[in-house]
Each structure stands twice: as structure tokens, then as C-alpha cells.
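To keep things clear, I will list the structure first and then write my remarks on it.
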Amino acid sequence: MERLRVEFTTEPFDLDEAPAHAVVAREVIQAAELDAVDVGPFGNTAEGGAEQVLTAVDALLRRALEAGATRVSLQVNVIGADSAGEVGER
């Protein structure tokens, strides 16, 4: 099965405190069954199997928009295959 890496940010930004949409998006990613989750103030990344990443992205988009996000910037990269042991970006 393919492995994917997702990178995302939600807007609008608030430098004083994390907006509800950003908190919800991070909670979705942290609760998903993903590897290498890294959350930060200006961007977040996670890796995992294709099904897990795509399921998490669906929930992330729906919940962040419901929580007030006006924009979600998202990038998904294929990084390899679980069964073959590959872990290199293609």
C-alpha cells in the first residue's frame, strides 16, 4: 500500500492564540492512526498509509471548515510503499 505525507495549514491566522479551526485540525491529525505527526504554529505534517491519510484529510477538511476556517492549504505527496519498505519521495 502507498504511503502518503500530508502538509496543511488553516486560515485565518491568529498570532495571539490558536483559532478553533487550527485546534480542531490538529486534534483530527493527532487522533488519526498516522506516523510522524508534527504540529506547529505555521504548518503541520503527518505520514501514514494512503487510506489512513485520506480518511484523516477528509475529516480535517470537514471539521476545520465547520470550526471557522476560511482557507485550508493542503499538499499530499506519495512517499513510498508500506509492503516494499520504500520510504523515498517519488
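Ordering of the C-alpha cells sets the chain letters (A, B, ...), residue numbers begin anew at 1 in every chain, and ligands are numbered from 1 in the order given.
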
### Task
Select from region 36-88 of chain A everything DSSP, run on the backbone, classes as alpha helix (DSSP H), then give the selection as a ChimeraX atom specification.
/A:50-66

### Message
With only C-alpha atoms as the counted atoms, please give the residues lying no more than 9 Å from region 25-39 of chain A, apart from itself and same-chain residues fewer than 4 positions off, as a list of chain:residue names.
### Response
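Contacts, with the query itself left out: A:Thr9, A:Thr10, A:Ala20, A:His21, A:Gly43, A:Asn44, A:Thr45, A:Ala46, A:Glu47, A:Gly48, A:Gly49, A:Gln52, A:Val53, A:Thr55, A:Ala56, A:Val57, A:Ala59, A:Leu60, A:Leu61, A:Arg63, A:Ala64.
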
### Task
For each of A:Glu2, A:Val72, A:Glu11, A:Val23, take the minimum atom-to-atom distance to Asp58 (chain A), counting only C-alpha atoms, then give the residue where this is smallest.
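Among A:Glu2, A:Val72, A:Glu11, A:Val23, it is A:Val72 that comes nearest to Asp58 (chain A).
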
### Query
Of the residues A:Asp14, A:Leu4, A:Thr70, A:Val78, which is the one nearest to Phe42 (chain A), using only C-alpha atoms?
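Going through A:Asp14, A:Leu4, A:Thr70, A:Val78 one by one, the smallest distance to Phe42 (chain A) is for A:Asp14.
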
### Query
If you count only C-alpha atoms, which residues fall within 7 Å of Asn77 (chain A), apart from same-chain ones fewer than 2 positions away, as a list in words?
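Answer for this query is Leu4, Arg5, Val6, Gln75 and Ile79 of chain A.
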
### Message
Given only C-alpha atoms as the basis, pick out the residue of A:Glu51, A:Pro19, A:Leu65, A:Pro41 nearest to Arg3 (chain A).
### Response
A:Glu51

### Query
Using the chain letters and numbers from this document, which residues of region 34-75 of chain A does DSSP assign to strand (DSSP E), as an MDAnalysis selection string?
chainID A and resid 35:39 44:49 71:75

Could you write those residues out with N, CA, C and O atoms, as an mmCIF file, in the first residue's frame?
```
data_model
loop_
_atom_site.group_PDB
_atom_site.id
_atom_site.type_symbol
_atom_site.label_atom_id
_atom_site.label_comp_id
_atom_site.auth_asym_id
_atom_site.auth_seq_id
_atom_site.Cartn_x
_atom_site.Cartn_y
_atom_site.Cartn_z
ATOM 1 N N ASP A 35 1.666 8.174 11.243
ATOM 2 C CA ASP A 35 3.041 8.178 11.747
ATOM 3 C C ASP A 35 3.609 9.584 11.618
ATOM 4 O O ASP A 35 3.125 10.390 10.838
ATOM 5 N N ALA A 36 4.656 9.845 12.315
ATOM 6 C CA ALA A 36 5.456 11.055 12.132
ATOM 7 C C ALA A 36 4.614 12.325 12.113
ATOM 8 O O ALA A 36 4.762 13.160 11.235
ATOM 9 N N VAL A 37 3.723 12.470 13.074
ATOM 10 C CA VAL A 37 2.887 13.666 13.164
ATOM 11 C C VAL A 37 3.716 14.794 13.761
ATOM 12 O O VAL A 37 4.350 14.628 14.802
ATOM 13 N N ASP A 38 3.719 15.938 13.085
ATOM 14 C CA ASP A 38 4.447 17.111 13.566
ATOM 15 C C ASP A 38 3.530 18.322 13.426
ATOM 16 O O ASP A 38 3.184 18.713 12.309
ATOM 17 N N VAL A 39 3.110 18.877 14.559
ATOM 18 C CA VAL A 39 2.248 20.059 14.526
ATOM 19 C C VAL A 39 3.039 21.273 14.972
ATOM 20 O O VAL A 39 3.872 21.196 15.860
ATOM 21 N N ASN A 44 1.688 21.925 9.601
ATOM 22 C CA ASN A 44 1.571 20.616 10.230
ATOM 23 C C ASN A 44 1.841 19.552 9.177
ATOM 24 O O ASN A 44 1.471 19.718 8.010
ATOM 25 N N THR A 45 2.468 18.450 9.581
ATOM 26 C CA THR A 45 2.716 17.344 8.670
ATOM 27 C C THR A 45 2.409 16.036 9.368
ATOM 28 O O THR A 45 2.479 15.934 10.598
ATOM 29 N N ALA A 46 2.077 15.033 8.565
ATOM 30 C CA ALA A 46 1.875 13.683 9.074
ATOM 31 C C ALA A 46 2.082 12.714 7.920
ATOM 32 O O ALA A 46 1.903 13.074 6.755
ATOM 33 N N GLU A 47 2.445 11.487 8.254
ATOM 34 C CA GLU A 47 2.646 10.444 7.259
ATOM 35 C C GLU A 47 1.884 9.206 7.686
ATOM 36 O O GLU A 47 1.651 8.994 8.875
ATOM 37 N N GLY A 48 1.553 8.386 6.708
ATOM 38 C CA GLY A 48 0.893 7.125 7.006
ATOM 39 C C GLY A 48 0.450 6.432 5.747
ATOM 40 O O GLY A 48 0.722 6.893 4.629
ATOM 41 N N GLY A 49 -0.258 5.321 5.933
ATOM 42 C CA GLY A 49 -0.823 4.600 4.802
ATOM 43 C C GLY A 49 -1.830 5.469 4.080
ATOM 44 O O GLY A 49 -2.449 6.357 4.671
ATOM 45 N N ARG A 71 -9.860 29.113 4.826
ATOM 46 C CA ARG A 71 -8.951 28.551 3.831
ATOM 47 C C ARG A 71 -8.167 27.421 4.478
ATOM 48 O O ARG A 71 -7.705 27.553 5.615
ATOM 49 N N VAL A 72 -8.021 26.329 3.743
ATOM 50 C CA VAL A 72 -7.165 25.227 4.168
ATOM 51 C C VAL A 72 -6.201 24.973 3.021
ATOM 52 O O VAL A 72 -6.616 24.650 1.912
ATOM 53 N N SER A 73 -4.909 25.161 3.285
ATOM 54 C CA SER A 73 -3.882 24.869 2.288
ATOM 55 C C SER A 73 -3.379 23.465 2.568
ATOM 56 O O SER A 73 -3.015 23.146 3.699
ATOM 57 N N LEU A 74 -3.343 22.652 1.524
ATOM 58 C CA LEU A 74 -3.094 21.229 1.712
ATOM 59 C C LEU A 74 -2.202 20.712 0.591
ATOM 60 O O LEU A 74 -2.399 21.066 -0.576
ATOM 61 N N GLN A 75 -1.230 19.893 0.958
ATOM 62 C CA GLN A 75 -0.387 19.228 -0.030
ATOM 63 C C GLN A 75 -0.252 17.777 0.384
ATOM 64 O O GLN A 75 0.018 17.482 1.553
#
```

### Task
Go ahead and compute the interatomic distance for CA of Leu54 (chain A) and CA of Gly40 (chain A), in Å to one decimal.
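Those two atoms sit 20.6 Å apart.
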